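K.L.:
What follows is a single structure, and I will ask about it in a moment.
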Amino acid sequence: MPETWLYDENPAMFRSSPLLFTLLLISVVGILGLGVWWIKCKGERLAVSDREVLMERGLLAKQRTQLNLSTVRTVRISQTVGQRIFGVGNIEIFSAGDYAEIAIRGMRNPNRVRELVSVHNDAQPAGVR
C-alpha cells in the first residue's frame with residue numbers, strides 16, 4: 001500500500017530571513033548568494049507520512065534520516081518573533097536520546113508537524129508505543 005504523505009516541505013527562504021533576503025537581492029554579489037541559498041533550501045526536505053518522518057539533505061549526494069512515527073517521543077518547535085510573523089520555525093524531533101535525530105531550520109508551518117505526530121501517537125494504544 002503506497003504511503004500517504006501528510007506534510008512535505010522544503011525550508012522557506014524569504015519567510016525565515018526576510019532582511020537577509022532583501023539585502024542579498026539588492027547587492028550584486030547577493031544574487032550569487034541567493035542562488036546558493038536557494039540550492040541549499042531545495043536540497044533539504046522534511047516529510048511526514050502516516051507511518052514515518054523522513055528528512056533528506058543534499059541534491060547530488062543524499063543523506064536520509066527516517067524515523068518510525070511510533071518511536072517519536074518529542075517534537076520541539078523554536079520560533080523567533082520574525083519567524084512567528086512569517087509562519088516558519090525550526091523543528092527538532094527526538095525519539096530515544098537527548099539529541100534530536102532530526103533537526104531542520106526555517107520550515108513552513110512547523111506546528112503542523114507537531115500536530116501530525118501528536119495525532120498519530122494519540123491514536124496508538126498505550127502498550128504499542
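Order determines the names: the first chain of the C-alpha cells is A, the second B, and so forth; residues in each chain are numbered 1 upward, and ligands are numbered 1 upward as they are shown.
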Just want the 7 Å neighbourhood of Ile91 (chain A), counted on only C-alpha atoms, with same-chain residues fewer than 2 positions away dropped. Output as a list in words.
P.N.:
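After dropping sequence-adjacent residues, the list is Arg76, Ile77, Ser78, Gly89, Ile93, Ala103, Ile104, Arg105 and Pro110 of chain A.
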K.L.:
Applying 9 Å and only C-alpha atoms, which residues near region 37-48 of chain A remain after dropping the ones on its own chain fewer than 5 positions away? List them as a PDB file with N, CA, C and O atoms, in the first residue's frame.
P.N.:
```
ATOM      1  N   THR A   4       0.899   7.660   2.275  1.00  0.00           N
ATOM      2  CA  THR A   4       0.262   8.952   2.061  1.00  0.00           C
ATOM      3  C   THR A   4       1.060   9.990   2.834  1.00  0.00           C
ATOM      4  O   THR A   4       1.123   9.940   4.054  1.00  0.00           O
ATOM      5  N   TRP A   5       1.705  10.907   2.128  1.00  0.00           N
ATOM      6  CA  TRP A   5       2.481  11.957   2.790  1.00  0.00           C
ATOM      7  C   TRP A   5       1.530  13.047   3.251  1.00  0.00           C
ATOM      8  O   TRP A   5       0.784  13.612   2.463  1.00  0.00           O
ATOM      9  N   LEU A   6       1.576  13.360   4.523  1.00  0.00           N
ATOM     10  CA  LEU A   6       0.685  14.344   5.113  1.00  0.00           C
ATOM     11  C   LEU A   6       1.324  15.730   5.190  1.00  0.00           C
ATOM     12  O   LEU A   6       0.628  16.727   5.318  1.00  0.00           O
ATOM     13  N   TYR A   7       2.657  15.791   5.143  1.00  0.00           N
ATOM     14  CA  TYR A   7       3.411  17.045   5.188  1.00  0.00           C
ATOM     15  C   TYR A   7       4.663  16.809   4.373  1.00  0.00           C
ATOM     16  O   TYR A   7       5.340  15.805   4.553  1.00  0.00           O
ATOM     17  N   ASP A   8       4.987  17.712   3.459  1.00  0.00           N
ATOM     18  CA  ASP A   8       6.169  17.569   2.623  1.00  0.00           C
ATOM     19  C   ASP A   8       6.610  18.968   2.213  1.00  0.00           C
ATOM     20  O   ASP A   8       6.011  19.572   1.331  1.00  0.00           O
ATOM     21  N   GLU A   9       7.641  19.497   2.870  1.00  0.00           N
ATOM     22  CA  GLU A   9       8.064  20.880   2.638  1.00  0.00           C
ATOM     23  C   GLU A   9       9.579  20.991   2.581  1.00  0.00           C
ATOM     24  O   GLU A   9      10.297  20.190   3.156  1.00  0.00           O
ATOM     25  N   ASN A  10      10.047  22.048   1.921  1.00  0.00           N
ATOM     26  CA  ASN A  10      11.438  22.477   1.952  1.00  0.00           C
ATOM     27  C   ASN A  10      11.489  23.705   2.849  1.00  0.00           C
ATOM     28  O   ASN A  10      10.473  24.381   3.022  1.00  0.00           O
ATOM     29  N   PRO A  11      12.679  24.037   3.407  1.00  0.00           N
ATOM     30  CA  PRO A  11      12.769  25.251   4.212  1.00  0.00           C
ATOM     31  C   PRO A  11      12.398  26.495   3.392  1.00  0.00           C
ATOM     32  O   PRO A  11      12.634  26.551   2.190  1.00  0.00           O
ATOM     33  N   ALA A  12      11.823  27.485   4.051  1.00  0.00           N
ATOM     34  CA  ALA A  12      11.439  28.730   3.393  1.00  0.00           C
ATOM     35  C   ALA A  12      12.626  29.687   3.364  1.00  0.00           C
ATOM     36  O   ALA A  12      13.371  29.778   4.332  1.00  0.00           O
ATOM     37  N   MET A  13      12.798  30.407   2.275  1.00  0.00           N
ATOM     38  CA  MET A  13      13.893  31.372   2.194  1.00  0.00           C
ATOM     39  C   MET A  13      13.458  32.722   2.739  1.00  0.00           C
ATOM     40  O   MET A  13      13.943  33.169   3.771  1.00  0.00           O
ATOM     41  N   LEU A  32      24.375  36.010  -6.389  1.00  0.00           N
ATOM     42  CA  LEU A  32      25.064  34.726  -6.309  1.00  0.00           C
ATOM     43  C   LEU A  32      24.746  34.050  -4.967  1.00  0.00           C
ATOM     44  O   LEU A  32      24.486  32.855  -4.914  1.00  0.00           O
ATOM     45  N   VAL A  53       8.569   9.682   9.616  1.00  0.00           N
ATOM     46  CA  VAL A  53       9.083  11.032   9.394  1.00  0.00           C
ATOM     47  C   VAL A  53      10.390  10.858   8.623  1.00  0.00           C
ATOM     48  O   VAL A  53      11.229  10.043   8.997  1.00  0.00           O
ATOM     49  N   LEU A  54      10.540  11.616   7.553  1.00  0.00           N
ATOM     50  CA  LEU A  54      11.708  11.493   6.686  1.00  0.00           C
ATOM     51  C   LEU A  54      12.337  12.861   6.491  1.00  0.00           C
ATOM     52  O   LEU A  54      11.640  13.832   6.189  1.00  0.00           O
ATOM     53  N   MET A  55      13.672  12.939   6.691  1.00  0.00           N
ATOM     54  CA  MET A  55      14.413  14.154   6.384  1.00  0.00           C
ATOM     55  C   MET A  55      15.492  13.781   5.377  1.00  0.00           C
ATOM     56  O   MET A  55      16.227  12.816   5.578  1.00  0.00           O
ATOM     57  N   GLU A  56      15.552  14.532   4.284  1.00  0.00           N
ATOM     58  CA  GLU A  56      16.579  14.334   3.256  1.00  0.00           C
ATOM     59  C   GLU A  56      17.385  15.606   3.125  1.00  0.00           C
ATOM     60  O   GLU A  56      16.835  16.706   3.154  1.00  0.00           O
ATOM     61  N   ARG A  57      18.707  15.436   2.959  1.00  0.00           N
ATOM     62  CA  ARG A  57      19.599  16.565   2.712  1.00  0.00           C
ATOM     63  C   ARG A  57      20.464  16.238   1.512  1.00  0.00           C
ATOM     64  O   ARG A  57      20.930  15.113   1.365  1.00  0.00           O
ATOM     65  N   GLY A  58      20.686  17.250   0.659  1.00  0.00           N
ATOM     66  CA  GLY A  58      21.582  17.092  -0.471  1.00  0.00           C
ATOM     67  C   GLY A  58      20.854  16.995  -1.798  1.00  0.00           C
ATOM     68  O   GLY A  58      19.747  16.490  -1.860  1.00  0.00           O
ATOM     69  N   LEU A  59      21.506  17.498  -2.852  1.00  0.00           N
ATOM     70  CA  LEU A  59      20.955  17.394  -4.203  1.00  0.00           C
ATOM     71  C   LEU A  59      21.590  16.233  -4.958  1.00  0.00           C
ATOM     72  O   LEU A  59      20.897  15.420  -5.549  1.00  0.00           O
ATOM     73  N   LEU A  60      22.907  16.154  -4.926  1.00  0.00           N
ATOM     74  CA  LEU A  60      23.594  15.070  -5.635  1.00  0.00           C
ATOM     75  C   LEU A  60      23.848  13.897  -4.697  1.00  0.00           C
ATOM     76  O   LEU A  60      23.461  12.780  -4.972  1.00  0.00           O
ATOM     77  N   LYS A  62      22.962  12.256  -1.175  1.00  0.00           N
ATOM     78  CA  LYS A  62      21.810  12.341  -0.270  1.00  0.00           C
ATOM     79  C   LYS A  62      22.141  11.786   1.108  1.00  0.00           C
ATOM     80  O   LYS A  62      22.828  10.779   1.232  1.00  0.00           O
ATOM     81  N   LEU A  69       6.988   6.773  13.118  1.00  0.00           N
ATOM     82  CA  LEU A  69       6.179   7.684  13.932  1.00  0.00           C
ATOM     83  C   LEU A  69       5.924   7.147  15.336  1.00  0.00           C
ATOM     84  O   LEU A  69       5.819   7.910  16.279  1.00  0.00           O
ATOM     85  N   ILE A 104      15.904  20.621  11.650  1.00  0.00           N
ATOM     86  CA  ILE A 104      15.869  21.363  10.382  1.00  0.00           C
ATOM     87  C   ILE A 104      15.362  22.774  10.658  1.00  0.00           C
ATOM     88  O   ILE A 104      14.483  22.973  11.482  1.00  0.00           O
ATOM     89  N   MET A 107      11.437  25.912   8.504  1.00  0.00           N
ATOM     90  CA  MET A 107      10.353  25.170   7.860  1.00  0.00           C
ATOM     91  C   MET A 107       9.028  25.919   7.952  1.00  0.00           C
ATOM     92  O   MET A 107       8.709  26.508   8.986  1.00  0.00           O
ATOM     93  N   VAL A 113       3.638  19.813  11.790  1.00  0.00           N
ATOM     94  CA  VAL A 113       4.401  18.590  12.035  1.00  0.00           C
ATOM     95  C   VAL A 113       4.085  18.058  13.427  1.00  0.00           C
ATOM     96  O   VAL A 113       3.818  16.876  13.613  1.00  0.00           O
ATOM     97  N   LEU A 116       0.607  16.499  13.481  1.00  0.00           N
ATOM     98  CA  LEU A 116       0.542  15.206  12.808  1.00  0.00           C
ATOM     99  C   LEU A 116       1.120  14.093  13.674  1.00  0.00           C
ATOM    100  O   LEU A 116       0.551  13.009  13.779  1.00  0.00           O
ATOM    101  N   VAL A 117       2.254  14.365  14.317  1.00  0.00           N
ATOM    102  CA  VAL A 117       2.869  13.364  15.187  1.00  0.00           C
ATOM    103  C   VAL A 117       1.992  13.118  16.406  1.00  0.00           C
ATOM    104  O   VAL A 117       1.772  11.977  16.810  1.00  0.00           O
TER     105      VAL A 117
END
```
K.L.:
Have a look at CA of Leu20 (chain A) and CA of Gly33 (chain A) and let me know their distance in Å, one decimal.
P.N.:
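Atom-to-atom, CA of Leu20 (chain A) to CA of Gly33 (chain A), that is 10.2 Å.
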K.L.:
Please extract the residues of region 38-100 of chain A with a backbone DSSP assignment of strand (DSSP E or B) and present them as a PyMOL selection string.
P.N.:
chain A and resi 44-49+52-57+63-68+74-78+88-94
K.L.:
What does the file look like for those residues with C-alpha atoms, as a compact mmCIF listing (two decimals), in the first residue's frame?
P.N.:
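Output file part36.txt follows:
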```txt
# COMPACT_ATOMS: atom_id res chain seq x y z
CA GLU A 44 16.57 19.87 2.28
CA ARG A 45 13.20 18.18 2.73
CA LEU A 46 11.09 17.14 5.68
CA ALA A 47 8.16 14.82 5.05
CA VAL A 48 5.67 13.20 7.42
CA SER A 49 3.56 10.26 6.29
CA GLU A 52 7.16 7.77 9.30
CA VAL A 53 9.08 11.03 9.39
CA LEU A 54 11.71 11.49 6.69
CA MET A 55 14.41 14.15 6.38
CA GLU A 56 16.58 14.33 3.26
CA ARG A 57 19.60 16.57 2.71
CA GLN A 63 21.66 11.96 3.48
CA ARG A 64 18.37 10.43 4.69
CA THR A 65 17.11 10.15 8.25
CA GLN A 66 13.94 8.15 8.72
CA LEU A 67 12.01 7.68 11.97
CA ASN A 68 9.02 5.50 12.59
CA THR A 74 9.15 14.73 21.41
CA VAL A 75 8.77 17.41 18.71
CA ARG A 76 10.34 20.75 19.64
CA ILE A 77 9.44 23.90 17.70
CA SER A 78 11.60 27.04 18.09
CA VAL A 88 8.16 29.46 9.84
CA GLY A 89 10.25 27.83 12.54
CA ASN A 90 12.95 25.35 13.48
CA ILE A 91 11.90 21.75 14.12
CA GLU A 92 13.69 19.17 16.27
CA ILE A 93 12.39 15.61 16.53
CA PHE A 94 13.56 13.32 19.33
```
K.L.:
Rounded to one decimal in Å, what is the spacing between CA of Ser118 (chain A) and CA of Ser17 (chain A)?
P.N.:
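Going from CA of Ser118 (chain A) over to CA of Ser17 (chain A) covers 28.3 Å.
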K.L.:
Would you compute the distance between CA of Gly106 (chain A) and CA of Ser16 (chain A)? Give it in Å to one decimal.
P.N.:
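If I compute the distance from CA of Gly106 (chain A) to CA of Ser16 (chain A), I get 5.2 Å.
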K.L.:
Rank A:Tyr99, A:Arg84, A:Phe21, A:Ala123 by their smallest atom-to-atom distance to Asn111 (chain A), using only C-alpha atoms, and report the top residue only.
P.N.:
A:Arg84
K.L.:
DSSP on the backbone: what in chain A comes out alpha helix (DSSP H), as a PyMOL selection string?
P.N.:
chain A and resi 18-26+28-42+81-86+110-123
K.L.:
Would you output that residue set with N, CA and C atoms, as a short mmCIF file (atom, residue, chain, number, x, y, z; two decimals), in the first residue's frame?
P.N.:
```cif
data_model
loop_
_atom_site.label_atom_id
_atom_site.label_comp_id
_atom_site.auth_asym_id
_atom_site.auth_seq_id
_atom_site.Cartn_x
_atom_site.Cartn_y
_atom_site.Cartn_z
N PRO A 18 13.77 37.48 6.19
CA PRO A 18 13.39 38.49 5.19
C PRO A 18 14.42 39.61 5.02
N LEU A 19 15.09 40.01 6.10
CA LEU A 19 16.09 41.08 6.00
C LEU A 19 17.29 40.60 5.17
N LEU A 20 17.80 39.41 5.46
CA LEU A 20 18.92 38.86 4.69
C LEU A 20 18.53 38.68 3.23
N PHE A 21 17.34 38.21 2.97
CA PHE A 21 16.86 38.01 1.60
C PHE A 21 16.88 39.35 0.85
N THR A 22 16.36 40.39 1.47
CA THR A 22 16.29 41.71 0.83
C THR A 22 17.69 42.27 0.58
N LEU A 23 18.58 42.16 1.58
CA LEU A 23 19.95 42.67 1.41
C LEU A 23 20.69 41.93 0.30
N LEU A 24 20.54 40.64 0.24
CA LEU A 24 21.21 39.87 -0.81
C LEU A 24 20.63 40.18 -2.18
N LEU A 25 19.34 40.43 -2.24
CA LEU A 25 18.68 40.71 -3.51
C LEU A 25 19.16 42.02 -4.12
N ILE A 26 19.44 43.04 -3.28
CA ILE A 26 19.81 44.35 -3.82
C ILE A 26 21.31 44.47 -4.10
N VAL A 28 24.95 43.12 -5.81
CA VAL A 28 25.38 42.37 -6.98
C VAL A 28 25.88 40.99 -6.55
N VAL A 29 26.69 40.95 -5.53
CA VAL A 29 27.22 39.69 -5.02
C VAL A 29 26.08 38.88 -4.39
N GLY A 30 25.07 39.59 -3.93
CA GLY A 30 23.94 38.94 -3.27
C GLY A 30 23.16 38.02 -4.18
N ILE A 31 23.14 38.32 -5.46
CA ILE A 31 22.40 37.45 -6.39
C ILE A 31 23.04 36.07 -6.42
N LEU A 32 24.37 36.01 -6.39
CA LEU A 32 25.06 34.73 -6.31
C LEU A 32 24.75 34.05 -4.97
N GLY A 33 24.75 34.84 -3.89
CA GLY A 33 24.41 34.32 -2.57
C GLY A 33 22.99 33.77 -2.52
N LEU A 34 22.06 34.46 -3.17
CA LEU A 34 20.68 33.98 -3.24
C LEU A 34 20.60 32.65 -3.97
N GLY A 35 21.37 32.51 -5.03
CA GLY A 35 21.38 31.25 -5.78
C GLY A 35 21.88 30.09 -4.93
N VAL A 36 22.95 30.32 -4.18
CA VAL A 36 23.48 29.28 -3.30
C VAL A 36 22.47 28.94 -2.21
N TRP A 37 21.85 29.96 -1.63
CA TRP A 37 20.85 29.76 -0.58
C TRP A 37 19.65 28.98 -1.12
N TRP A 38 19.21 29.32 -2.34
CA TRP A 38 18.07 28.63 -2.94
C TRP A 38 18.38 27.15 -3.15
N ILE A 39 19.61 26.86 -3.64
CA ILE A 39 20.01 25.47 -3.85
C ILE A 39 20.05 24.72 -2.52
N LYS A 40 20.55 25.39 -1.47
CA LYS A 40 20.59 24.76 -0.15
C LYS A 40 19.18 24.45 0.35
N CYS A 41 18.25 25.39 0.17
CA CYS A 41 16.87 25.17 0.61
C CYS A 41 16.20 24.04 -0.17
N LYS A 42 16.45 23.97 -1.46
CA LYS A 42 15.86 22.90 -2.27
C LYS A 42 16.51 21.55 -1.98
N VAL A 81 10.55 35.96 16.96
CA VAL A 81 9.40 36.81 16.68
C VAL A 81 9.19 36.95 15.17
N GLY A 82 10.26 37.16 14.44
CA GLY A 82 10.16 37.29 12.98
C GLY A 82 9.66 36.01 12.33
N GLN A 83 10.13 34.87 12.83
CA GLN A 83 9.67 33.60 12.28
C GLN A 83 8.18 33.39 12.56
N ARG A 84 7.72 33.81 13.74
CA ARG A 84 6.28 33.68 14.05
C ARG A 84 5.45 34.54 13.10
N ILE A 85 5.93 35.73 12.80
CA ILE A 85 5.20 36.63 11.89
C ILE A 85 5.06 35.99 10.51
N PHE A 86 6.13 35.36 10.04
CA PHE A 86 6.12 34.78 8.69
C PHE A 86 5.71 33.31 8.66
N PRO A 110 5.51 24.94 11.04
CA PRO A 110 6.13 23.90 11.87
C PRO A 110 5.16 23.23 12.83
N ASN A 111 4.14 23.94 13.26
CA ASN A 111 3.18 23.33 14.19
C ASN A 111 2.38 22.21 13.54
N ARG A 112 2.29 22.21 12.24
CA ARG A 112 1.59 21.13 11.52
C ARG A 112 2.30 19.79 11.76
N VAL A 113 3.64 19.81 11.79
CA VAL A 113 4.40 18.59 12.04
C VAL A 113 4.08 18.06 13.43
N ARG A 114 4.11 18.95 14.41
CA ARG A 114 3.81 18.53 15.79
C ARG A 114 2.40 17.96 15.89
N GLU A 115 1.43 18.59 15.23
CA GLU A 115 0.05 18.10 15.25
C GLU A 115 -0.07 16.72 14.62
N LEU A 116 0.61 16.50 13.48
CA LEU A 116 0.54 15.21 12.81
C LEU A 116 1.12 14.09 13.67
N VAL A 117 2.25 14.36 14.32
CA VAL A 117 2.87 13.36 15.19
C VAL A 117 1.99 13.12 16.41
N SER A 118 1.44 14.17 16.97
CA SER A 118 0.60 14.05 18.15
C SER A 118 -0.66 13.24 17.85
N VAL A 119 -1.29 13.51 16.71
CA VAL A 119 -2.49 12.78 16.33
C VAL A 119 -2.18 11.30 16.16
N HIS A 120 -1.03 11.00 15.53
CA HIS A 120 -0.65 9.59 15.34
C HIS A 120 -0.40 8.91 16.68
N ASN A 121 0.35 9.56 17.58
CA ASN A 121 0.67 8.96 18.87
C ASN A 121 -0.56 8.83 19.76
N ASP A 122 -1.51 9.75 19.65
CA ASP A 122 -2.76 9.65 20.43
C ASP A 122 -3.62 8.51 19.93
N ALA A 123 -3.52 8.18 18.65
CA ALA A 123 -4.34 7.13 18.06
C ALA A 123 -3.82 5.73 18.40
#
```
